[in-house]
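*Asks:* Got a structure here, written out as structure tokens. Questions coming.
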Amino acid sequence: MALNVTRKCLIYSVLAVIIGAAVITAVLVLILRDDEEIMQSYKFANSDLVLQLQEQPDHRYVLSLIRDGASIQRITFDHDFTDDSEIEATPQGLLLEGNEQRIELKDIEDTSNFSMISITRTLRKGQIVSDIVHTGEKLTDRPVQWYGGPEQMEQLYPVQQLHFEDYAYLPKELHSASITERYWVNSAGVFVYVEKEVPLFIDQDDQTLRLTAKKELPYYTYDDTFVFNYRIGVAKNVKEAHLKAVDKVLNKPVGIPDERMVRHPIWSTWVRYKKPISQQTVLDFAKEINDYGFKNSQLDIDDYWENCYGSLIFNPITFPNVTEMTEQLKEMGFRVTLWIHPFINKNCQPWYTEALTKRFLVKSHNESIGYGTKWWNSEENEASYINFNNPAAVDWFRQRLAELREQGIDSFKFDAGETSWAPADPDIQGPKALLPASLTTSYVRMCAEFGPMIEIRTGWATQDLPVFVRMLDFDTRWGKYNGLQSLIPTLLQMNLNGYPFVLPDMIGGNMYGNDILTKELFIRWLQANTFMPSMQFSKAPWDIDLETVSIAKRFTLLHEEFADYILQRMRLTVAGGIPVNPPIWWLDPDDEVALKISDEYLLGEDILVAPVLTEFATKRDIYLPKGTWRDGNTNQVYEGGRWLRDHLAPMDTLPYFIKTTFQMR
């Protein structure tokens, strides 16, 4: 400000000679007063961070975060504050008021290596307010990369490539958004976290992320007021910012999943058999797995075991003696898990009527909808979603699962759970500001009560649970749209949302519709999966040919060889929130090349994996971040911070590199 005032004084001194000192003095006073009104700053006491709030010609205000004299992030408050707005400096920040808005910017943490502010306003029902996070800017001529945001079917990475329009930010089936943590972090070391109570919608393009708060469906809309508040954290780089976010807003898991699920493959009936399964097909599948010399963590009995959807009772025709089947499977060395969903179809009697009578189902405020919903195994309005916000319904559901365990079922694969399966505008229990997303939280927390051997596929503020979270169903294809090339971006996305215990989907995808699983696609998928936390087969390698069997054995054994290291990294996640499979920039957060790499990943901080993800390719370019690396296939040593161009990788080869300092502990 002092420099600006001095410059203006010099200008006006010259003008005074021409048109008279008395007039210029009056003009100068007005302009200085105007300067004081349109810009205000707040300096953090213990860091170099400065908040600067400045009015624009259209009466919107821009918040700039300034570090070491340079802007590292801008946020526009997209509201006409009119020309009578005011900025007030407070002991802990700034207060902006104008045109029926009162925004408080508050310094809530200030240390030498981390600062955090909260931005808060209370709104009336009917108000719609947006803040624009500018994501397309450069920092000292370096483009800023962004991470976090929702899990997506087309999982692009970095995430500023994604596009949304008026997108309700909740766990839902649309675009496979089973994880929608309200968290974004950038390569400048800035994160944004929107509080769970905000009815949040987002718009996004390659330049901006618009955060909009409005009381509209699918949120609870019957409150007179609501809060729009979020936090911004600033650290020295993206790695430190993410670790602070895990500590402050995302939480870290309290334990690790089942160890055997890490060491040995999960086998599922789903892709190989789809729905026509029976007691005999399950036993035959188990025998084949053993006959071909594969190990297992468990065998999952997937869809179509119930006598009707929602009964939680085996079909007595196709599964005539469940206890006998589970005993035989255990004798063969298998644990047994069972596919579970949270729905009851209306024709599934008497269980549907019981749940309806006891008010265990999610009901809509809209009487024409009532309790009806649709899922992939029902027609429109021919099913209902169990209300896991109702403790009595949870007890009822839990007890019925316990009865299944008495038949020798060891654990469960829990499917669905996203908010979009409930009828619109649900009329249920729980804090109203958390509806309908609390349905997801309640369901997942009920699932986790069954121990570390379960798997779930959704989450909302449930990063603390010590269970595997499965990627949503992948199609059997190569590309970025829910195919093999989405696998690594999804792995990174889940880790950077605080869900590091990632269970990849079936090796080779789900073979929906006319999808064809080629030998090459199966093997490349298998290789990409090898250094992820767990491996899951459904389509059997021997369904392809004996060479595929040999290759599959080799990579499952390679995974097993590093299982102790995976478990070690899982325990480090519990201790300090460090991702199990971080992006390669984790080793050097200032490496501009590494910040953009979307087709490589790390296991811990010692193993870099660069699978071939393109059809017919037998070589690929690989970027090695800083460090000294040994090729896991040839033992050749490379210094990092460089590209390996056209690195050879025939179909039976997975390129991976191990730090020369690595020692298995």
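Scheme for the structure tokens: letters A, B, ... for chains in order shown; per-chain residue numbers from 1; ligand numbers from 1 in order shown.
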Extract the full set of strand (DSSP E) residues from region 221-279 of chain A according to DSSP on the backbone, and format it as a ChimeraX atom specification.

*Replies:* /A:225-235,266-268

*Asks:* Applying 7 Å and only C-alpha atoms, which residues near region 281-295 of chain A remain after dropping the ones on its own chain fewer than 4 positions away? List them as a PyMOL selection string.

*Replies:* chain A and resi 264-265+277+329+553

*Asks:* Name all residues at most 12 Å from Pro423 (chain A) (count only C-alpha atoms; drop same-chain ones fewer than 6 positions away) and give them as a list in words.

*Replies:*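 Counting only C-alpha atoms, the residues come to Leu217, Pro218, Tyr219, Phe343, Leu361, Val362, Lys363, Ser364, His365, Asn366, Glu367, Ser368, Ile369, Gly370, Tyr371, Gly372, Thr373, Lys374, Trp375, Glu380, Asn381, Glu382, Ala383, Ser384, Tyr385, Ile386, Asn387, Pro436 and Leu439 of chain A.
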
*Asks:* How would the residues just picked look written out with C-alpha atoms as a short mmCIF file (atom, residue, chain, number, x, y, z; two decimals), in the first residue's frame?

*Replies:*
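What landed in selection35.cif:
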data_model
loop_
_atom_site.label_atom_id
_atom_site.label_comp_id
_atom_site.auth_asym_id
_atom_site.auth_seq_id
_atom_site.Cartn_x
_atom_site.Cartn_y
_atom_site.Cartn_z
CA LEU A 217 -32.48 -31.93 -4.10
CA PRO A 218 -30.88 -34.39 -3.60
CA TYR A 219 -30.07 -32.63 -0.30
CA PHE A 343 -32.06 -53.73 -1.05
CA LEU A 361 -37.02 -48.90 4.62
CA VAL A 362 -36.07 -45.50 3.23
CA LYS A 363 -39.17 -43.43 2.55
CA SER A 364 -39.44 -40.34 0.37
CA HIS A 365 -41.12 -37.08 1.41
CA ASN A 366 -42.86 -37.40 -1.96
CA GLU A 367 -45.89 -39.62 -1.35
CA SER A 368 -46.08 -40.64 -4.99
CA ILE A 369 -42.63 -42.24 -4.64
CA GLY A 370 -43.11 -43.65 -1.17
CA TYR A 371 -40.59 -46.40 -0.44
CA GLY A 372 -39.91 -47.30 -4.06
CA THR A 373 -36.55 -47.37 -5.81
CA LYS A 374 -34.80 -49.17 -8.64
CA TRP A 375 -31.49 -51.00 -8.68
CA GLU A 380 -38.59 -49.11 -11.49
CA ASN A 381 -40.27 -48.74 -8.09
CA GLU A 382 -40.06 -52.51 -7.49
CA ALA A 383 -37.53 -52.44 -4.65
CA SER A 384 -36.68 -50.51 -1.51
CA TYR A 385 -33.46 -49.46 0.20
CA ILE A 386 -32.93 -50.46 3.83
CA ASN A 387 -32.69 -47.45 6.13
CA PRO A 436 -28.71 -38.08 2.23
CA LEU A 439 -27.04 -43.15 4.49
#

*Asks:* Show me, as a ChimeraX atom specification, the residues that have an atom within 9 Å of Gly149 (chain A) when counting only C-alpha atoms, minus same-chain residues fewer than 4 positions from it.

*Replies:* /A:159,179-185,493,496-497

*Asks:* So, with only C-alpha atoms as the atoms that count, which of A:Val254, A:Val262, A:Val192, A:Ile507 lies closest to Arg571 (chain A)?

*Replies:*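 Counting only C-alpha atoms, the residue closest to Arg571 (chain A) is A:Val254.
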
*Asks:* For a quick check of understanding, using only C-alpha atoms, which of A:Asn229, A:Ser47, A:Thr419, A:Ser176 has the smallest distance to Leu123 (chain A)?

*Replies:*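 When distances to Leu123 (chain A) are compared using only C-alpha atoms, the smallest one comes from A:Asn229.
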
*Asks:* Can you work out which one of A:Leu654, A:Leu209, A:Ala45, A:Val198 has the shortest atom-to-atom distance to Leu434 (chain A), counting only C-alpha atoms?

*Replies:* A:Val198

*Asks:* Near Gly604 (chain A), counting only C-alpha atoms, which residues have an atom at most 7 Å away, once you skip same-chain residues fewer than 3 positions from it, shown as JSON, numbers by chain?

*Replies:* {"A": [569, 580, 581, 582, 607]}

*Asks:* Export, as a PDB file, in the first residue's frame, the selected residues with all heavy atoms.

*Replies:*
ATOM      1  N   ARG A 569       3.619 -50.969   4.589  1.00  0.00           N
ATOM      2  CA  ARG A 569       3.128 -49.655   4.158  1.00  0.00           C
ATOM      3  C   ARG A 569       1.720 -49.392   4.684  1.00  0.00           C
ATOM      4  O   ARG A 569       1.366 -48.243   4.986  1.00  0.00           O
ATOM      5  CB  ARG A 569       3.160 -49.558   2.634  1.00  0.00           C
ATOM      6  CG  ARG A 569       4.513 -49.721   1.991  1.00  0.00           C
ATOM      7  CD  ARG A 569       5.602 -48.838   2.558  1.00  0.00           C
ATOM      8  NE  ARG A 569       5.286 -47.410   2.514  1.00  0.00           N
ATOM      9  CZ  ARG A 569       6.165 -46.440   2.747  1.00  0.00           C
ATOM     10  NH1 ARG A 569       7.433 -46.757   3.051  1.00  0.00           N
ATOM     11  NH2 ARG A 569       5.807 -45.173   2.696  1.00  0.00           N
ATOM     12  N   VAL A 580      -0.546 -45.907   0.605  1.00  0.00           N
ATOM     13  CA  VAL A 580       0.106 -47.169   0.264  1.00  0.00           C
ATOM     14  C   VAL A 580       0.652 -47.106  -1.160  1.00  0.00           C
ATOM     15  O   VAL A 580       1.777 -47.536  -1.431  1.00  0.00           O
ATOM     16  CB  VAL A 580      -0.876 -48.351   0.417  1.00  0.00           C
ATOM     17  CG1 VAL A 580      -0.236 -49.649  -0.079  1.00  0.00           C
ATOM     18  CG2 VAL A 580      -1.307 -48.503   1.873  1.00  0.00           C
ATOM     19  N   ASN A 581      -0.152 -46.572  -2.081  1.00  0.00           N
ATOM     20  CA  ASN A 581       0.248 -46.434  -3.491  1.00  0.00           C
ATOM     21  C   ASN A 581       0.187 -44.965  -3.896  1.00  0.00           C
ATOM     22  O   ASN A 581      -0.774 -44.510  -4.526  1.00  0.00           O
ATOM     23  CB  ASN A 581      -0.668 -47.256  -4.397  1.00  0.00           C
ATOM     24  CG  ASN A 581      -0.475 -48.746  -4.248  1.00  0.00           C
ATOM     25  OD1 ASN A 581      -1.376 -49.465  -3.821  1.00  0.00           O
ATOM     26  ND2 ASN A 581       0.702 -49.230  -4.604  1.00  0.00           N
ATOM     27  N   PRO A 582       1.204 -44.186  -3.533  1.00  0.00           N
ATOM     28  CA  PRO A 582       1.172 -42.771  -3.902  1.00  0.00           C
ATOM     29  C   PRO A 582       1.545 -42.542  -5.360  1.00  0.00           C
ATOM     30  O   PRO A 582       2.129 -43.419  -6.005  1.00  0.00           O
ATOM     31  CB  PRO A 582       2.208 -42.146  -2.960  1.00  0.00           C
ATOM     32  CG  PRO A 582       3.115 -43.256  -2.580  1.00  0.00           C
ATOM     33  CD  PRO A 582       2.342 -44.541  -2.708  1.00  0.00           C
ATOM     34  N   ILE A 607       9.309 -48.674  -4.620  1.00  0.00           N
ATOM     35  CA  ILE A 607       9.038 -49.464  -5.829  1.00  0.00           C
ATOM     36  C   ILE A 607       8.194 -48.626  -6.781  1.00  0.00           C
ATOM     37  O   ILE A 607       7.146 -48.094  -6.403  1.00  0.00           O
ATOM     38  CB  ILE A 607       8.305 -50.773  -5.479  1.00  0.00           C
ATOM     39  CG1 ILE A 607       9.183 -51.613  -4.548  1.00  0.00           C
ATOM     40  CG2 ILE A 607       7.966 -51.562  -6.739  1.00  0.00           C
ATOM     41  CD1 ILE A 607       8.466 -52.740  -3.881  1.00  0.00           C
TER      42      ILE A 607
END
